[in-house]
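Following: one structure in structure tokens, then a few remarks.
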Amino acid sequence: MSKRSIRQREQREKKRIAKERVERLFTLAERVYPYEPELANRYVEIALAVQQKAKIRLPRKWKRRYCKRCHSFLVPGKNAQVRLRSRPYPHVVIKCLNCGHIMRYPYLKEKKARRKES
Ligand SMILES: [Zn+2]
């Protein structure tokens with residue numbers, strides 16, 4: 001086996017481990033949030049550090065679960081306000097109630113479903 005393919009394999013392995021760690025940290029954050037929200041935020045910080053270092057993408061599931069500004073773990077109905085808006089395009093508005101930061105995400109699934117219907 002060439003040196004290069006060994007390196008590629010190592011890289012893949014590193015990314016796989018990083019993904020697992022990110023997943024575990026966010027899962028932990030969700031679990032501890034009701035008792036220790038500060039600890040949940042700490043887990044988010046660590047998860048983001050792991051993600052940046054390994055240059056991996058955050059799983060979709062967790063992408064919208066933290067504040068892009070203050071990095072708080074967000075729980076809809078607790079420290080996050082979630083609203084659906086259809087204008088000017090279908091999107092979700094998530095407001096962090098810790099720092100007031102507002103995040104908008106296009107709601108593509110709904111849009112596609114509607115297109116099919118019509
Ligand atoms: Zn925030």
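Please note that chains go A, B, ... in the order of the structure tokens, that every chain numbers its residues from 1, and that ligands are numbered from 1 in the order shown.
Considering only C-alpha atoms and all ligand atoms, every residue of the polymer chains approaching ligand 1 to 8 Å or closer is listed here: Tyr66, Cys67, Lys68, Arg69, Cys70, His71, Ser72, Lys95, Cys96, Leu97, Asn98, Cys99, Gly100 and His101 of chain A.
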Item to complete: Give me every strand (DSSP E) residue in chain A, going by DSSP on the backbone, as a list in words.
Response: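 Matching residues for strand (DSSP E) in chain A are Ala80, Gln81, Val82, Arg83, Leu84, Arg85, His91, Val92, Val93, Ile94, Lys95, Cys96, Ile102, Met103, Arg104, Tyr105 and Pro106 of chain A.
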Worksheet item: For Ala54 in chain A, which residue among A:Leu108, A:Met103, A:Val22, A:Val92 is the nearest when counting only C-alpha atoms?
Response: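 Ranking A:Leu108, A:Met103, A:Val22, A:Val92 by distance to Ala54 in chain A, first place goes to A:Val22.
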Discussion item. Taking only C-alpha atoms into account, name the residue in A:Tyr33, A:Phe73, A:Phe26, A:Tyr43 that is nearest to Pro59 in chain A.
Written reply: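 Of all the options, A:Phe26 lies closest to Pro59 in chain A.
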Practice prompt. Using DSSP on the backbone, list every residue of range 22-90 of chain A that comes out as helix (DSSP H, G or I), and give them as a ChimeraX atom specification.
Written response: /A:22-32,37-54,60-63
